[in-house]
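K.L.:
My questions all concern the structure below.
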Amino acid sequence: RKEVEQDPGPFNVPEGATVAFNCTYSNSASQSFFWYRQDCRKEPKLLMSVYSSGNEDGRFTAQLNRASQYISLLIRDSKLSDSATYLCVVNGYSSASKIIFGSGTRLSIRP
Amino acid sequence: DTGVSQDPRHKITKRGQNVTFRCDPISEHNRLYWYRQTLGQGPEFLTYFQNEAQLEKSRLLSDRFSAERPKGSFSTLEIQRTEQGDSAMYLCASRPLEEWSEQFFGPGTRLTVL
């Protein structure tokens, strides 16, 4: 079993739609979680951190469910510019631990 | 530019040759990571340094791979006797020592082994 698993997609949704991605992780001792965005042939960039209480940044909402060991990302009112690959990232039991990426979920927003 | 830089950006080599990549992290970042990414996959962890100490290595890192960070600043990743399966994007990221801080990635080195 992979340490971090994501639905690879692709998700193809119309502009303005709401879309949600889930990601599961295997190490119950994991302490911190992130969503990164990666555009085609570019390096990953931080989209948002994921906090235990859930957090929101504009149209983006991230949730963490420790009991079920998954995190989610919700994008509301999607824009064409949201088309990208979204990477789920899990840090281990301490911030000195390695950081593991999921394989990414591809999102394509159509006009 | 004060971000993470990597050199070269592209490398084409013949099977069996050795290659070396360089990463210059953000200057105040103590932590440095190397990843490998192939098409359609997320970055796969290779190794991690805190200052000059290599704290963790992936099982993916065969004996042909070696990484160094001799003075705790820039890092090099060497691949000996390259194989076609080594073709990938090699990403470097750095991170400050603060707890749970984000990683900042360089633009990557794209390796093609013919």
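Each chain in the structure tokens gets a letter, A, B, ..., in the order shown, and its residues are numbered from 1; ligands are numbered from 1 in order too.
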For chain A, work out the contacting residues on chain B at 9 Å, counting only C-alpha atoms, and write them as a PyMOL selection string.
P.N.:
chain B and resi 31+33+40-45+47-48+50+55-57+91+97-108
K.L.:
Write out as a ChimeraX atom specification which residues come within 9 Å of Phe65 of chain B when counting only C-alpha atoms, dropping same-chain ones fewer than 4 positions away.
P.N.:
/B:61,77-80
K.L.:
When distances are computed from only C-alpha atoms, which of B:His29, B:Arg110, B:Arg81, B:Arg69 shows the smallest separation from Arg95 of chain B?
P.N.:
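Counting only C-alpha atoms, the residue closest to Arg95 of chain B is B:His29.
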K.L.:
So, with only C-alpha atoms as the atoms that count, which of B:Met89, B:Val113, B:Ala53, B:Leu39 lies closest to Lys14 of chain B?
P.N.:
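Between B:Met89, B:Val113, B:Ala53, B:Leu39, the residue approaching Lys14 of chain B most closely is B:Val113.
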K.L.:
Can you tell me how far atom CA of Gly16 of chain B sits from atom CA of Ser62 of chain B, in Å to one decimal?
P.N.:
14.8 Å
K.L.:
Using DSSP on the backbone, list every residue of segment 3-72 of chain B that comes out as strand (DSSP E or B), and give them as a ChimeraX atom specification.
P.N.:
/B:5-7,10-13,19-24,31-37,44-50,53-57,65-68
K.L.:
Could you dump the residues just selected with N, CA, C and O atoms as a short mmCIF file (atom, residue, chain, number, x, y, z; two decimals), in the first residue's frame?
P.N.:
data_model
loop_
_atom_site.label_atom_id
_atom_site.label_comp_id
_atom_site.auth_asym_id
_atom_site.auth_seq_id
_atom_site.Cartn_x
_atom_site.Cartn_y
_atom_site.Cartn_z
N SER B 5 17.51 27.20 -6.71
CA SER B 5 17.96 27.06 -8.09
C SER B 5 18.58 25.69 -8.30
O SER B 5 19.13 25.08 -7.37
N GLN B 6 18.47 25.20 -9.51
CA GLN B 6 19.03 23.90 -9.87
C GLN B 6 19.77 24.02 -11.19
O GLN B 6 19.38 24.78 -12.07
N ASP B 7 20.83 23.23 -11.28
CA ASP B 7 21.66 23.29 -12.48
C ASP B 7 22.20 21.90 -12.79
O ASP B 7 22.65 21.21 -11.86
N HIS B 10 18.41 20.94 -17.92
CA HIS B 10 18.20 19.77 -18.77
C HIS B 10 19.53 19.05 -18.94
O HIS B 10 20.57 19.70 -19.04
N LYS B 11 19.45 17.71 -18.98
CA LYS B 11 20.66 16.93 -19.19
C LYS B 11 20.29 15.72 -20.04
O LYS B 11 19.37 14.98 -19.68
N ILE B 12 20.98 15.57 -21.14
CA ILE B 12 20.82 14.39 -21.98
C ILE B 12 22.13 13.63 -21.93
O ILE B 12 23.20 14.21 -22.14
N THR B 13 22.05 12.35 -21.64
CA THR B 13 23.27 11.57 -21.51
C THR B 13 23.05 10.18 -22.10
O THR B 13 21.92 9.76 -22.33
N VAL B 19 26.29 11.34 -14.16
CA VAL B 19 25.79 12.71 -14.20
C VAL B 19 25.75 13.27 -12.78
O VAL B 19 25.58 12.52 -11.82
N THR B 20 25.90 14.57 -12.68
CA THR B 20 25.82 15.25 -11.38
C THR B 20 24.95 16.48 -11.51
O THR B 20 25.12 17.26 -12.45
N PHE B 21 24.05 16.61 -10.57
CA PHE B 21 23.16 17.77 -10.53
C PHE B 21 23.46 18.58 -9.28
O PHE B 21 23.82 18.03 -8.23
N ARG B 22 23.20 19.88 -9.40
CA ARG B 22 23.45 20.76 -8.26
C ARG B 22 22.16 21.46 -7.85
O ARG B 22 21.34 21.81 -8.70
N CYS B 23 22.02 21.67 -6.56
CA CYS B 23 20.89 22.41 -6.02
C CYS B 23 21.42 23.47 -5.06
O CYS B 23 22.20 23.17 -4.15
N ASP B 24 20.98 24.70 -5.26
CA ASP B 24 21.27 25.78 -4.32
C ASP B 24 19.98 26.16 -3.62
O ASP B 24 19.08 26.72 -4.26
N ARG B 31 17.08 22.73 5.78
CA ARG B 31 16.67 21.42 5.29
C ARG B 31 16.62 21.40 3.77
O ARG B 31 16.15 22.35 3.15
N LEU B 32 17.09 20.30 3.20
CA LEU B 32 17.12 20.17 1.75
C LEU B 32 16.69 18.77 1.37
O LEU B 32 17.11 17.77 1.99
N TYR B 33 15.85 18.68 0.37
CA TYR B 33 15.26 17.41 -0.06
C TYR B 33 15.51 17.21 -1.55
O TYR B 33 15.48 18.16 -2.33
N TRP B 34 15.72 15.97 -1.93
CA TRP B 34 15.74 15.59 -3.34
C TRP B 34 14.58 14.65 -3.63
O TRP B 34 14.28 13.74 -2.84
N TYR B 35 13.95 14.89 -4.78
CA TYR B 35 12.84 14.06 -5.24
C TYR B 35 13.07 13.70 -6.70
O TYR B 35 13.75 14.42 -7.44
N ARG B 36 12.43 12.63 -7.12
CA ARG B 36 12.40 12.26 -8.53
C ARG B 36 10.94 12.21 -8.94
O ARG B 36 10.09 11.67 -8.21
N GLN B 37 10.66 12.74 -10.13
CA GLN B 37 9.28 12.74 -10.60
C GLN B 37 9.24 12.28 -12.04
O GLN B 37 9.96 12.80 -12.91
N GLU B 44 8.70 11.59 -5.92
CA GLU B 44 9.09 10.48 -5.03
C GLU B 44 10.30 10.91 -4.21
O GLU B 44 11.32 11.33 -4.76
N PHE B 45 10.18 10.76 -2.91
CA PHE B 45 11.26 11.14 -2.01
C PHE B 45 12.51 10.31 -2.27
O PHE B 45 12.45 9.09 -2.37
N LEU B 46 13.65 10.99 -2.37
CA LEU B 46 14.93 10.30 -2.52
C LEU B 46 15.77 10.40 -1.25
O LEU B 46 16.23 9.40 -0.71
N THR B 47 16.02 11.64 -0.81
CA THR B 47 16.87 11.83 0.35
C THR B 47 16.65 13.20 0.95
O THR B 47 16.06 14.09 0.33
N TYR B 48 17.17 13.37 2.18
CA TYR B 48 16.88 14.57 2.95
C TYR B 48 18.11 14.92 3.79
O TYR B 48 18.71 14.05 4.41
N PHE B 49 18.46 16.19 3.79
CA PHE B 49 19.56 16.71 4.59
C PHE B 49 19.05 17.73 5.59
O PHE B 49 18.19 18.54 5.26
N GLN B 50 19.62 17.70 6.76
CA GLN B 50 19.46 18.81 7.67
C GLN B 50 20.87 19.34 7.90
O GLN B 50 21.72 18.65 8.45
N ALA B 53 24.11 17.04 7.33
CA ALA B 53 23.83 15.64 7.69
C ALA B 53 22.72 15.07 6.81
O ALA B 53 21.63 15.63 6.73
N GLN B 54 23.01 13.92 6.22
CA GLN B 54 22.00 13.22 5.44
C GLN B 54 21.21 12.35 6.40
O GLN B 54 21.69 11.31 6.85
N LEU B 55 19.99 12.75 6.70
CA LEU B 55 19.22 12.11 7.76
C LEU B 55 18.38 10.94 7.28
O LEU B 55 18.04 10.05 8.06
N GLU B 56 18.03 10.94 6.02
CA GLU B 56 17.17 9.87 5.55
C GLU B 56 17.40 9.63 4.06
O GLU B 56 17.63 10.58 3.30
N LYS B 57 17.36 8.36 3.68
CA LYS B 57 17.48 7.97 2.28
C LYS B 57 16.39 6.99 1.95
O LYS B 57 16.12 6.06 2.73
N PHE B 65 23.24 5.95 -6.80
CA PHE B 65 22.88 7.33 -6.46
C PHE B 65 23.63 7.75 -5.20
O PHE B 65 23.68 6.99 -4.22
N SER B 66 24.16 8.95 -5.23
CA SER B 66 24.75 9.50 -4.02
C SER B 66 24.48 10.98 -3.96
O SER B 66 24.47 11.67 -4.98
N ALA B 67 24.23 11.47 -2.77
CA ALA B 67 23.97 12.89 -2.58
C ALA B 67 24.86 13.41 -1.47
O ALA B 67 25.17 12.68 -0.52
N GLU B 68 25.25 14.65 -1.64
CA GLU B 68 26.10 15.30 -0.63
C GLU B 68 25.63 16.72 -0.39
O GLU B 68 25.05 17.36 -1.28
#
